[in-house]
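What's in entry_37.txt: compact mmCIF, C-alpha atoms
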```txt
# COMPACT_ATOMS: atom_id res chain seq x y z
CA MET A 1362 -10.85 219.24 40.16
CA LYS A 1363 -8.42 218.41 37.33
CA LYS A 1364 -7.79 215.01 38.93
CA LEU A 1365 -11.41 214.18 38.17
CA ASN A 1366 -11.01 214.93 34.47
CA ALA A 1367 -9.73 211.52 33.36
CA PRO A 1368 -12.33 209.38 35.19
CA ILE A 1369 -15.12 211.74 34.10
CA ARG A 1370 -13.93 211.57 30.48
CA ILE A 1371 -13.92 207.79 30.59
CA PHE A 1372 -17.35 207.60 32.25
CA VAL A 1373 -18.95 210.10 29.85
CA GLY A 1374 -17.30 208.44 26.85
CA LEU A 1375 -18.43 204.96 27.84
CA LEU A 1376 -21.99 206.16 28.39
CA PHE A 1377 -22.12 207.76 24.92
CA ILE A 1378 -20.61 204.63 23.35
CA PHE A 1379 -23.14 202.41 25.14
CA SER A 1380 -26.03 204.68 24.15
CA GLY A 1381 -24.93 204.76 20.51
CA LEU A 1382 -24.29 201.04 20.20
CA ILE A 1383 -27.51 199.94 21.88
CA LYS A 1384 -29.47 202.11 19.43
CA ALA A 1385 -27.26 201.03 16.50
CA ASN A 1386 -28.45 197.49 17.27
CA ASP A 1387 -31.92 198.68 16.12
CA PRO A 1388 -31.66 201.82 13.93
CA HIS A 1389 -35.32 201.56 12.93
CA GLY A 1390 -36.31 201.83 16.59
CA LEU A 1391 -34.65 205.24 16.93
CA SER A 1392 -36.08 206.39 13.59
CA TYR A 1393 -39.61 205.52 14.76
CA LYS A 1394 -38.99 207.42 18.00
CA MET A 1395 -37.86 210.43 15.94
CA GLN A 1396 -41.06 210.17 13.91
CA GLU A 1397 -43.04 210.23 17.15
CA PHE A 1398 -41.42 213.54 18.11
CA PHE A 1399 -41.85 214.91 14.56
CA GLU A 1400 -45.57 214.11 14.57
CA VAL A 1401 -46.11 215.73 17.97
CA TRP A 1402 -44.31 218.87 16.76
CA GLY A 1403 -46.05 218.92 13.37
CA PHE A 1404 -42.81 218.15 11.49
CA ASP A 1405 -44.19 215.09 9.67
CA PHE A 1406 -42.36 216.15 6.50
CA LEU A 1407 -39.12 215.04 8.20
CA ASN A 1408 -40.32 211.43 8.59
CA PRO A 1409 -38.64 210.23 5.36
CA LEU A 1410 -35.31 211.44 6.78
CA SER A 1411 -35.71 209.73 10.15
CA LEU A 1412 -33.74 206.57 9.32
CA PHE A 1413 -30.87 208.59 7.83
CA LEU A 1414 -30.84 210.81 10.94
CA SER A 1415 -30.95 207.73 13.18
CA LEU A 1416 -27.95 206.14 11.45
CA GLY A 1417 -25.95 209.36 11.65
CA MET A 1418 -26.83 210.04 15.30
CA ASN A 1419 -25.75 206.57 16.38
CA VAL A 1420 -22.39 206.85 14.61
CA LEU A 1421 -21.90 210.35 16.08
CA GLU A 1422 -22.56 209.20 19.64
CA VAL A 1423 -20.16 206.25 19.42
CA CYS A 1424 -17.40 208.26 17.73
CA ALA A 1425 -17.74 211.16 20.19
CA GLY A 1426 -17.52 208.71 23.09
CA ILE A 1427 -14.38 207.07 21.67
CA ALA A 1428 -12.80 210.45 20.88
CA ILE A 1429 -13.24 211.82 24.40
CA ILE A 1430 -11.77 208.63 25.92
CA VAL A 1431 -8.63 208.66 23.73
CA ASN A 1432 -8.38 212.43 24.29
CA TRP A 1433 -8.55 213.22 20.56
CA GLN A 1434 -9.32 216.89 19.76
CA THR A 1435 -10.54 217.09 23.36
CA LYS A 1436 -11.77 220.66 23.46
CA LYS A 1437 -13.77 220.39 20.23
CA ILE A 1438 -15.20 217.00 21.18
CA THR A 1439 -16.17 218.22 24.66
CA TRP A 1440 -18.05 221.15 23.13
CA LEU A 1441 -19.73 218.70 20.73
CA LEU A 1442 -20.80 216.55 23.69
CA PHE A 1443 -22.10 219.65 25.46
CA ILE A 1444 -24.23 220.59 22.44
CA LEU A 1445 -25.52 217.02 22.18
CA ILE A 1446 -26.43 216.82 25.86
CA VAL A 1447 -28.25 220.17 25.75
CA PHE A 1448 -30.26 218.83 22.81
CA PHE A 1449 -30.95 215.49 24.54
CA THR A 1450 -31.94 217.28 27.77
CA TYR A 1451 -34.45 219.34 25.83
CA LEU A 1452 -35.96 216.18 24.31
CA THR A 1453 -36.16 214.29 27.62
CA GLY A 1454 -37.47 217.39 29.37
CA TYR A 1455 -40.14 217.81 26.72
CA ALA A 1456 -41.18 214.17 27.10
CA LEU A 1457 -41.29 214.50 30.89
CA PHE A 1458 -43.13 217.80 31.24
CA SER A 1459 -45.44 217.62 28.21
CA GLY A 1460 -46.54 214.02 28.79
CA LYS A 1461 -46.89 213.59 25.02
CA ILE A 1462 -44.00 211.13 24.66
CA LYS A 1463 -44.03 208.03 26.89
CA THR A 1464 -40.36 207.09 26.49
CA CYS A 1465 -37.42 208.97 25.00
CA GLY A 1466 -35.59 206.06 23.44
CA CYS A 1467 -32.26 207.05 25.02
CA PHE A 1468 -31.14 203.42 25.26
CA GLY A 1469 -33.59 201.95 22.76
CA ASP A 1470 -35.99 199.12 23.56
CA CYS A 1471 -33.31 197.07 25.32
CA LEU A 1472 -33.14 199.41 28.30
CA PRO A 1473 -36.34 201.49 28.42
CA LEU A 1474 -36.18 204.47 30.77
CA THR A 1475 -39.04 206.60 32.03
CA PRO A 1476 -38.94 210.27 30.99
CA ALA A 1477 -37.99 211.20 34.58
CA MET A 1478 -35.06 208.78 34.56
CA SER A 1479 -33.90 209.99 31.14
CA PHE A 1480 -34.13 213.65 32.14
CA THR A 1481 -32.19 213.04 35.36
CA LYS A 1482 -29.51 211.14 33.45
CA ASP A 1483 -29.06 214.01 31.01
CA ILE A 1484 -28.86 216.61 33.79
CA VAL A 1485 -26.10 214.59 35.50
CA LEU A 1486 -24.27 214.11 32.19
CA GLY A 1487 -24.57 217.83 31.48
CA ILE A 1488 -22.94 218.67 34.82
CA LEU A 1489 -20.09 216.23 34.14
CA ILE A 1490 -19.49 217.67 30.67
CA VAL A 1491 -19.40 221.20 32.11
CA ILE A 1492 -16.71 219.98 34.52
CA LEU A 1493 -14.75 218.65 31.54
CA LEU A 1494 -15.02 222.03 29.83
CA ALA A 1495 -13.82 223.77 33.01
CA THR A 1496 -10.86 221.44 33.58
CA ASN A 1497 -9.77 221.48 29.93
CA GLY A 1498 -8.62 217.82 29.85
CA GLY A 1499 -4.90 218.39 29.49
CA LYS A 1500 -2.98 218.03 26.23
CA ALA A 1501 -5.16 216.81 23.36
CA ASN A 1502 -4.13 213.89 21.18
CA LYS A 1503 -3.90 215.18 17.60
CA GLY A 1504 -1.86 212.30 16.23
CA ILE A 1505 -2.63 209.70 13.58
CA PHE A 1506 -3.62 207.11 16.22
CA GLY A 1507 -6.78 209.00 17.15
CA LYS A 1508 -7.78 209.37 13.50
CA ILE A 1509 -7.25 205.68 12.77
CA VAL A 1510 -9.34 204.70 15.80
CA LEU A 1511 -12.16 207.04 14.78
CA TYR A 1512 -12.16 205.86 11.17
CA ALA A 1513 -12.30 202.24 12.34
CA VAL A 1514 -15.10 202.97 14.82
CA THR A 1515 -17.10 204.87 12.18
CA LEU A 1516 -16.84 202.00 9.71
CA GLY A 1517 -17.53 199.42 12.40
CA THR A 1518 -20.65 201.19 13.67
CA ALA A 1519 -21.91 201.71 10.11
CA ALA A 1520 -21.37 198.01 9.33
CA PHE A 1521 -23.13 197.01 12.54
CA GLN A 1522 -26.16 199.10 11.55
CA TRP A 1523 -26.13 197.70 8.02
CA TYR A 1524 -26.27 194.21 9.52
CA ALA A 1525 -29.24 195.15 11.73
CA LEU A 1526 -31.11 196.65 8.77
CA THR A 1527 -30.49 193.56 6.64
CA TYR A 1528 -30.63 190.66 9.08
CA LEU A 1529 -32.70 192.07 12.00
CA PRO A 1530 -31.18 193.38 15.28
CA VAL A 1531 -28.40 191.28 16.78
CA VAL A 1532 -30.14 191.46 20.16
CA ASP A 1533 -33.93 191.42 19.84
CA CYS A 1534 -35.41 193.37 22.75
CA LEU A 1535 -38.92 193.59 21.32
CA PRO A 1536 -41.91 191.71 22.78
CA TYR A 1537 -42.11 189.84 19.44
CA LYS A 1538 -38.72 188.17 19.86
CA LYS A 1539 -38.06 184.49 19.20
CA GLY A 1540 -39.47 182.26 21.94
CA ASN A 1541 -42.14 184.70 23.11
CA ASP A 1542 -45.82 183.84 23.15
CA ILE A 1543 -47.85 186.72 21.69
CA VAL A 1544 -50.96 185.89 23.74
CA GLU A 1545 -48.90 185.85 26.95
CA GLN A 1546 -47.33 189.19 26.00
CA MET A 1547 -50.82 190.66 25.58
CA LYS A 1548 -51.81 189.86 29.17
CA LEU A 1549 -51.70 192.57 31.84
CA PRO A 1550 -48.85 192.04 34.33
CA VAL A 1551 -49.70 190.96 37.86
CA GLY A 1552 -50.76 193.95 39.94
CA ALA A 1553 -51.61 196.14 36.97
CA ILE A 1554 -54.27 198.77 37.62
CA PRO A 1555 -55.56 200.36 34.39
CA ASP A 1556 -56.65 203.97 34.11
CA SER A 1557 -60.30 204.63 34.95
CA THR A 1558 -61.82 206.66 32.13
CA SER A 1559 -65.04 208.38 31.32
CA ILE A 1560 -66.31 209.22 27.84
CA GLU A 1561 -67.13 212.88 27.28
CA PHE A 1562 -69.40 213.64 24.32
CA ILE A 1563 -69.31 216.98 22.53
CA TYR A 1564 -72.39 218.15 20.63
CA THR A 1565 -73.75 221.44 19.39
CA LYS A 1566 -77.36 222.58 19.64
CA ASN A 1567 -78.69 225.94 18.46
CA GLY A 1568 -75.11 227.13 17.97
CA LYS A 1569 -74.02 226.22 21.51
CA GLU A 1570 -71.41 223.60 22.38
CA LEU A 1571 -72.59 221.06 24.94
CA ARG A 1572 -70.47 218.49 26.80
CA PHE A 1573 -71.76 215.55 28.83
CA ASP A 1574 -70.83 212.00 29.82
CA GLN A 1575 -72.73 208.69 29.59
CA ALA A 1576 -74.41 209.22 32.96
CA ASN A 1577 -75.68 212.70 32.16
CA PHE A 1578 -77.22 212.46 28.71
CA PRO A 1579 -79.71 215.30 28.06
CA THR A 1580 -83.29 214.18 28.62
CA ASP A 1581 -84.37 216.00 25.46
CA PHE A 1582 -81.66 214.45 23.27
CA ASP A 1583 -82.85 214.27 19.65
CA SER A 1584 -81.72 215.03 16.09
CA THR A 1585 -81.20 218.72 16.93
CA TYR A 1586 -78.03 217.68 18.76
CA VAL A 1587 -75.19 217.63 16.23
CA TYR A 1588 -72.25 215.35 17.02
CA VAL A 1589 -68.83 217.05 17.14
CA ASP A 1590 -66.43 214.76 18.96
CA ARG A 1591 -65.89 212.39 21.89
CA LYS A 1592 -62.99 212.26 24.33
CA ASP A 1593 -61.76 209.74 26.86
CA ILE A 1594 -61.22 211.54 30.15
CA VAL A 1595 -58.94 209.89 32.72
CA VAL A 1596 -60.89 209.94 35.99
CA LYS A 1597 -58.29 208.06 37.99
CA LYS A 1598 -54.77 207.17 36.94
CA GLY A 1599 -53.68 203.55 37.10
CA ASN A 1600 -50.23 202.41 38.20
CA GLY A 1601 -48.75 202.51 34.70
CA LEU A 1602 -48.30 198.75 34.33
CA VAL A 1603 -49.49 197.70 30.88
CA ALA A 1604 -49.20 194.64 28.67
CA LYS A 1605 -46.06 194.46 26.55
CA ILE A 1606 -48.25 194.00 23.45
CA VAL A 1607 -51.48 195.98 23.45
CA ASP A 1608 -52.59 196.25 19.84
CA PHE A 1609 -51.82 193.03 17.94
CA ASN A 1610 -54.64 192.16 15.59
CA LEU A 1611 -55.12 190.15 12.39
CA GLN A 1612 -58.08 190.78 10.10
CA SER A 1613 -59.33 189.18 6.93
CA ILE A 1614 -59.81 191.17 3.74
CA GLN A 1615 -63.50 191.40 4.73
CA GLY A 1616 -62.57 192.98 8.07
CA THR A 1617 -63.22 189.92 10.28
CA ASP A 1618 -60.96 189.55 13.31
CA THR A 1619 -59.13 186.27 12.73
CA THR A 1620 -56.46 186.56 15.44
CA ALA A 1621 -57.86 183.87 17.73
CA SER A 1622 -58.54 181.43 14.89
CA ILE A 1623 -55.01 181.85 13.51
CA PHE A 1624 -53.47 181.26 16.94
CA ALA A 1625 -55.65 178.17 17.34
CA ASN A 1626 -53.82 176.57 14.42
CA GLN A 1627 -52.59 173.12 15.47
CA LYS A 1628 -49.91 172.88 12.78
CA PRO A 1629 -46.81 175.07 12.33
CA TYR A 1630 -47.43 178.02 10.01
CA VAL A 1631 -45.53 181.08 8.80
CA LEU A 1632 -46.53 184.73 9.13
CA VAL A 1633 -44.73 187.04 6.71
CA PHE A 1634 -44.82 190.66 7.89
CA ALA A 1635 -44.49 193.49 5.36
CA LYS A 1636 -45.34 196.98 6.59
CA GLU A 1637 -45.56 198.35 3.05
CA MET A 1638 -45.60 197.15 -0.53
CA LYS A 1639 -43.36 199.95 -1.76
CA GLY A 1640 -40.19 198.25 -2.94
CA ALA A 1641 -41.80 194.78 -2.84
CA GLU A 1642 -40.62 194.11 -6.40
CA GLY A 1643 -37.13 193.85 -4.92
CA TRP A 1644 -38.03 190.91 -2.66
CA LYS A 1645 -40.84 189.36 -4.71
CA ASN A 1646 -38.68 186.64 -6.30
CA SER A 1647 -37.11 185.50 -3.02
CA PHE A 1648 -40.55 185.50 -1.36
CA GLU A 1649 -42.04 183.35 -4.11
CA THR A 1650 -39.13 180.89 -3.87
CA ILE A 1651 -39.54 180.61 -0.10
CA TYR A 1652 -43.32 180.37 -0.48
CA LYS A 1653 -43.02 177.42 -2.86
CA LYS A 1654 -40.60 175.60 -0.53
CA LEU A 1655 -42.98 176.03 2.40
CA GLN A 1656 -45.98 174.97 0.35
CA ALA A 1657 -44.08 171.83 -0.66
CA GLN A 1658 -43.82 170.99 3.05
CA ASN A 1659 -47.54 171.66 3.51
CA ILE A 1660 -46.86 174.75 5.65
CA GLU A 1661 -49.46 177.48 5.53
CA VAL A 1662 -48.00 180.89 4.62
CA ILE A 1663 -49.86 184.10 5.50
CA LEU A 1664 -48.76 187.53 4.31
CA VAL A 1665 -49.59 190.22 6.89
CA THR A 1666 -49.68 193.78 5.58
CA PRO A 1667 -51.65 197.05 5.94
CA GLU A 1668 -51.85 197.19 2.12
CA PRO A 1669 -53.85 194.08 1.10
CA ALA A 1670 -54.95 195.37 -2.31
CA SER A 1671 -51.38 196.10 -3.43
CA ALA A 1672 -50.21 192.76 -2.02
CA ALA A 1673 -52.92 190.83 -3.86
CA GLN A 1674 -52.13 192.62 -7.10
CA LEU A 1675 -48.42 191.84 -6.74
CA PHE A 1676 -48.49 188.29 -5.38
CA GLY A 1677 -51.78 186.96 -6.70
CA ASN A 1678 -53.81 184.28 -4.96
CA ILE A 1679 -52.08 183.95 -1.58
CA ASN A 1680 -53.48 184.12 1.95
CA ILE A 1681 -53.39 187.77 3.02
CA LEU A 1682 -54.35 189.24 6.39
CA ILE A 1683 -54.45 192.85 7.45
CA SER A 1684 -52.70 194.41 10.41
CA ASP A 1685 -51.85 197.96 11.39
CA ALA A 1686 -48.56 199.37 10.07
CA THR A 1687 -47.51 200.37 13.60
CA VAL A 1688 -47.97 196.80 14.83
CA ILE A 1689 -45.99 195.42 11.90
CA LYS A 1690 -43.06 197.82 12.20
CA THR A 1691 -42.81 196.92 15.90
CA ALA A 1692 -43.00 193.19 15.27
CA ALA A 1693 -40.74 193.15 12.22
CA ARG A 1694 -37.96 195.70 11.70
CA VAL A 1695 -37.04 194.30 8.27
CA THR A 1696 -39.44 193.97 5.33
CA PRO A 1697 -40.29 191.16 4.92
CA THR A 1698 -39.74 189.25 8.18
CA TYR A 1699 -40.71 185.60 8.50
CA PHE A 1700 -42.21 184.25 11.74
CA LEU A 1701 -42.42 180.48 12.18
CA MET A 1702 -45.36 180.07 14.54
CA ASN A 1703 -46.62 177.30 16.79
CA GLY A 1704 -50.01 178.53 17.92
CA SER A 1705 -49.27 181.98 19.32
CA ARG A 1706 -45.61 181.20 20.12
CA ILE A 1707 -42.81 182.56 17.93
CA VAL A 1708 -40.59 179.56 17.15
CA GLU A 1709 -38.26 181.40 14.76
CA LYS A 1710 -37.95 184.95 13.45
CA VAL A 1711 -35.73 185.72 10.46
CA SER A 1712 -35.25 187.99 7.48
CA ALA A 1713 -35.04 186.49 3.97
CA PRO A 1714 -31.21 186.16 3.91
CA CYS A 1715 -31.42 183.94 7.02
CA ILE A 1716 -34.39 181.86 5.87
CA ASP A 1717 -32.37 178.64 6.25
CA LYS A 1718 -32.72 179.06 10.05
CA LEU A 1719 -36.49 178.87 9.65
CA PHE A 1720 -36.29 175.64 7.63
CA THR A 1721 -33.83 174.18 10.14
CA SER A 1722 -36.26 174.91 12.98
CA LEU A 1723 -39.13 173.51 10.94
CA ASN A 1724 -37.33 170.29 10.01
CA SER A 1725 -36.05 169.70 13.54
CA LYS A 1726 -39.59 169.10 14.82
```
Write the structure described by the file as structure tokens, please.
Amino acid sequence: MKKLNAPIRIFVGLLFIFSGLIKANDPHGLSYKMQEFFEVWGFDFLNPLSLFLSLGMNVLEVCAGIAIIVNWQTKKITWLLFILIVFFTYLTGYALFSGKIKTCGCFGDCLPLTPAMSFTKDIVLGILIVILLATNGGKANKGIFGKIVLYAVTLGTAAFQWYALTYLPVVDCLPYKKGNDIVEQMKLPVGAIPDSTSIEFIYTKNGKELRFDQANFPTDFDSTYVYVDRKDIVVKKGNGLVAKIVDFNLQSIQGTDTTASIFANQKPYVLVFAKEMKGAEGWKNSFETIYKKLQAQNIEVILVTPEPASAAQLFGNINILISDATVIKTAARVTPTYFLMNGSRIVEKVSAPCIDKLFTSLNSK
């Protein structure tokens, strides 16, 4: 069994490194997944800490993977990996058996796994780590080399995440990546069978709760029925194939859906996504400079935010459209993010520090 120790250490270490780095490419993605778990568990108060926890978890995974490969403090690191995998197995098991979380985010958006796949992966990893604990891994490396490697990896992973938070992910695995057509991404894939649902209405009458669907409305229905709630009941499950983008929507200040009319634009235009106005004073000057340059080239600029009143107060008379914060944080990991659009196709996608790329794409046409 001891002969298996070295290859198992390398395999487990590489898997933790891969998992940490692929999430470090998009720290916001993991933080949003953490928030999803927090909201299901009623721990919403932890949401402000989610990005900090995401950054720390990614560094921990990469460093633990490196440490086990170079055999540094092997026993302690193996126990750390065991604790981590027990925790991860609980999360993936919860997602699988509760059905409340669709994906666990183990490998981020670049390699989405179903809850069943994630849970199986963690069970296998857990068995391998138990084997490492049982075989003890030989003599641990306690020298300066291991420390230097770990310090370098910690700094490198932290710098990589800083880059992603400032300049957008190095590898964009989102459906809103450069080159994608939003309308095409909103179409159901070939062979998709949606869930068949029925609406169940809940009313009370004379102190009694009554439930019925559209086909069985009470014949005596009148004002004595007091509305309580409505639920969508899945009558028949589909095959799980859904569009990559299901909720993109742009609305005017008056609440009119303008998505189709915006996408029908025949000229290039720029959508600027900002999921919140908190902290907007910090990027206001750069936005106004970019805005003036685009206006000088007769390019329409549209600010998309869930907080139109705050945006109007801060930026004055500019074109503002409303979209849901969840849509915006999926489309644009950095606030603000600039999309150069041609109809519904994303020609370029950059953060403010890389705005020259947008102008290069614009002037190359």
Have a look at A:Asp1717, A:Glu1561, A:Glu1661, A:Glu1668 and name the one nearest to Tyr1630 (chain A); count all atoms listed in the file.
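Going through A:Asp1717, A:Glu1561, A:Glu1661, A:Glu1668 one by one, the smallest distance to Tyr1630 (chain A) is for A:Glu1661.
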Can you tell me which residues surround Lys1394 (chain A) at a distance of at most 12 Å, considering all atoms listed in the file, apart from same-chain residues fewer than 6 positions away, and format the answer as a PyMOL selection string?
chain A and resi 1384+1387-1388+1400-1401+1408+1411-1412+1414-1415+1452+1456+1462-1470+1687+1690-1691
Give me the region 1610-1630 of chain A side of the contact with region 1670-1682 of chain A, cut-off 10 Å, one line per residue showing its nearest atom pair and distance in Å at one decimal, counting all atoms listed in the file, sorted by chain and residue number, as JSON lines.
```
{"residue": "A:Asn1610", "atom": "CA", "partner": "A:Leu1682", "partner_atom": "CA", "distance": 9.7}
{"residue": "A:Leu1611", "atom": "CA", "partner": "A:Leu1682", "partner_atom": "CA", "distance": 6.1}
{"residue": "A:Gln1612", "atom": "CA", "partner": "A:Leu1682", "partner_atom": "CA", "distance": 5.5}
{"residue": "A:Ser1613", "atom": "CA", "partner": "A:Leu1682", "partner_atom": "CA", "distance": 5.0}
{"residue": "A:Ile1614", "atom": "CA", "partner": "A:Leu1682", "partner_atom": "CA", "distance": 6.4}
{"residue": "A:Gln1615", "atom": "CA", "partner": "A:Leu1682", "partner_atom": "CA", "distance": 9.5}
{"residue": "A:Gly1616", "atom": "CA", "partner": "A:Leu1682", "partner_atom": "CA", "distance": 9.2}
{"residue": "A:Thr1617", "atom": "CA", "partner": "A:Leu1682", "partner_atom": "CA", "distance": 9.7}
{"residue": "A:Asp1618", "atom": "CA", "partner": "A:Leu1682", "partner_atom": "CA", "distance": 9.6}
{"residue": "A:Thr1619", "atom": "CA", "partner": "A:Leu1682", "partner_atom": "CA", "distance": 8.5}
{"residue": "A:Thr1620", "atom": "CA", "partner": "A:Leu1682", "partner_atom": "CA", "distance": 9.7}
```
So which residues touch Leu1549 (chain A) within 8 Å, counting all atoms listed in the file, skipping near sequence neighbours fewer than 5 positions away, as a list in words?
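Once the adjacent positions are removed, what remains is Leu1602, Val1603, Ala1604 and Lys1605 of chain A.
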With distances taken over all atoms listed in the file, which residue among A:Cys1715, A:Ala1641, A:Val1631, A:Leu1723 lies nearest Tyr1524 (chain A)?
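Among the listed residues, the smallest separation from Tyr1524 (chain A) belongs to A:Cys1715.
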Please output region 1654-1676 of chain A, rebuilt to include N, CA and C atoms, as a tab-separated table (two decimals), in the coordinates of the input.
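Output file selection_4.tsv is given in full below:
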```
chain	number	residue	atom	x	y	z
A	1654	LYS	N	-41.25	176.60	-1.39
A	1654	LYS	CA	-40.60	175.60	-0.53
A	1654	LYS	C	-41.48	175.26	0.67
A	1655	LEU	N	-42.11	176.27	1.25
A	1655	LEU	CA	-42.98	176.03	2.40
A	1655	LEU	C	-44.25	175.29	2.00
A	1656	GLN	N	-44.80	175.66	0.85
A	1656	GLN	CA	-45.98	174.97	0.35
A	1656	GLN	C	-45.69	173.49	0.09
A	1657	ALA	N	-44.47	173.21	-0.40
A	1657	ALA	CA	-44.08	171.83	-0.66
A	1657	ALA	C	-44.04	171.00	0.62
A	1658	GLN	N	-43.82	171.67	1.76
A	1658	GLN	CA	-43.82	170.99	3.05
A	1658	GLN	C	-45.18	171.08	3.75
A	1659	ASN	N	-46.17	171.54	2.99
A	1659	ASN	CA	-47.54	171.66	3.51
A	1659	ASN	C	-47.63	172.62	4.69
A	1660	ILE	N	-46.86	173.71	4.62
A	1660	ILE	CA	-46.86	174.75	5.65
A	1660	ILE	C	-47.67	175.94	5.15
A	1661	GLU	N	-48.65	176.33	5.91
A	1661	GLU	CA	-49.46	177.48	5.53
A	1661	GLU	C	-48.64	178.76	5.66
A	1662	VAL	N	-48.72	179.62	4.64
A	1662	VAL	CA	-48.00	180.89	4.62
A	1662	VAL	C	-49.02	182.01	4.54
A	1663	ILE	N	-48.91	182.98	5.45
A	1663	ILE	CA	-49.86	184.10	5.50
A	1663	ILE	C	-49.08	185.40	5.43
A	1664	LEU	N	-49.39	186.22	4.44
A	1664	LEU	CA	-48.76	187.53	4.31
A	1664	LEU	C	-49.57	188.54	5.10
A	1665	VAL	N	-48.92	189.23	6.03
A	1665	VAL	CA	-49.59	190.22	6.89
A	1665	VAL	C	-49.11	191.61	6.49
A	1666	THR	N	-50.04	192.46	6.09
A	1666	THR	CA	-49.68	193.78	5.58
A	1666	THR	C	-50.83	194.76	5.80
A	1667	PRO	N	-50.56	196.07	5.89
A	1667	PRO	CA	-51.65	197.05	5.94
A	1667	PRO	C	-52.14	197.43	4.54
A	1668	GLU	N	-51.51	196.84	3.50
A	1668	GLU	CA	-51.85	197.19	2.12
A	1668	GLU	C	-52.28	195.93	1.35
A	1669	PRO	N	-53.44	195.36	1.70
A	1669	PRO	CA	-53.85	194.08	1.10
A	1669	PRO	C	-54.10	194.16	-0.40
A	1670	ALA	N	-54.64	195.25	-0.88
A	1670	ALA	CA	-54.95	195.37	-2.31
A	1670	ALA	C	-53.67	195.33	-3.13
A	1671	SER	N	-52.66	196.08	-2.70
A	1671	SER	CA	-51.38	196.10	-3.43
A	1671	SER	C	-50.71	194.74	-3.35
A	1672	ALA	N	-50.82	194.08	-2.19
A	1672	ALA	CA	-50.21	192.76	-2.02
A	1672	ALA	C	-50.87	191.73	-2.94
A	1673	ALA	N	-52.19	191.77	-3.01
A	1673	ALA	CA	-52.92	190.83	-3.86
A	1673	ALA	C	-52.59	191.05	-5.33
A	1674	GLN	N	-52.45	192.30	-5.72
A	1674	GLN	CA	-52.13	192.62	-7.10
A	1674	GLN	C	-50.72	192.13	-7.46
A	1675	LEU	N	-49.81	192.20	-6.48
A	1675	LEU	CA	-48.42	191.84	-6.74
A	1675	LEU	C	-48.17	190.34	-6.64
A	1676	PHE	N	-48.81	189.69	-5.65
A	1676	PHE	CA	-48.49	188.29	-5.38
A	1676	PHE	C	-49.60	187.31	-5.78
```
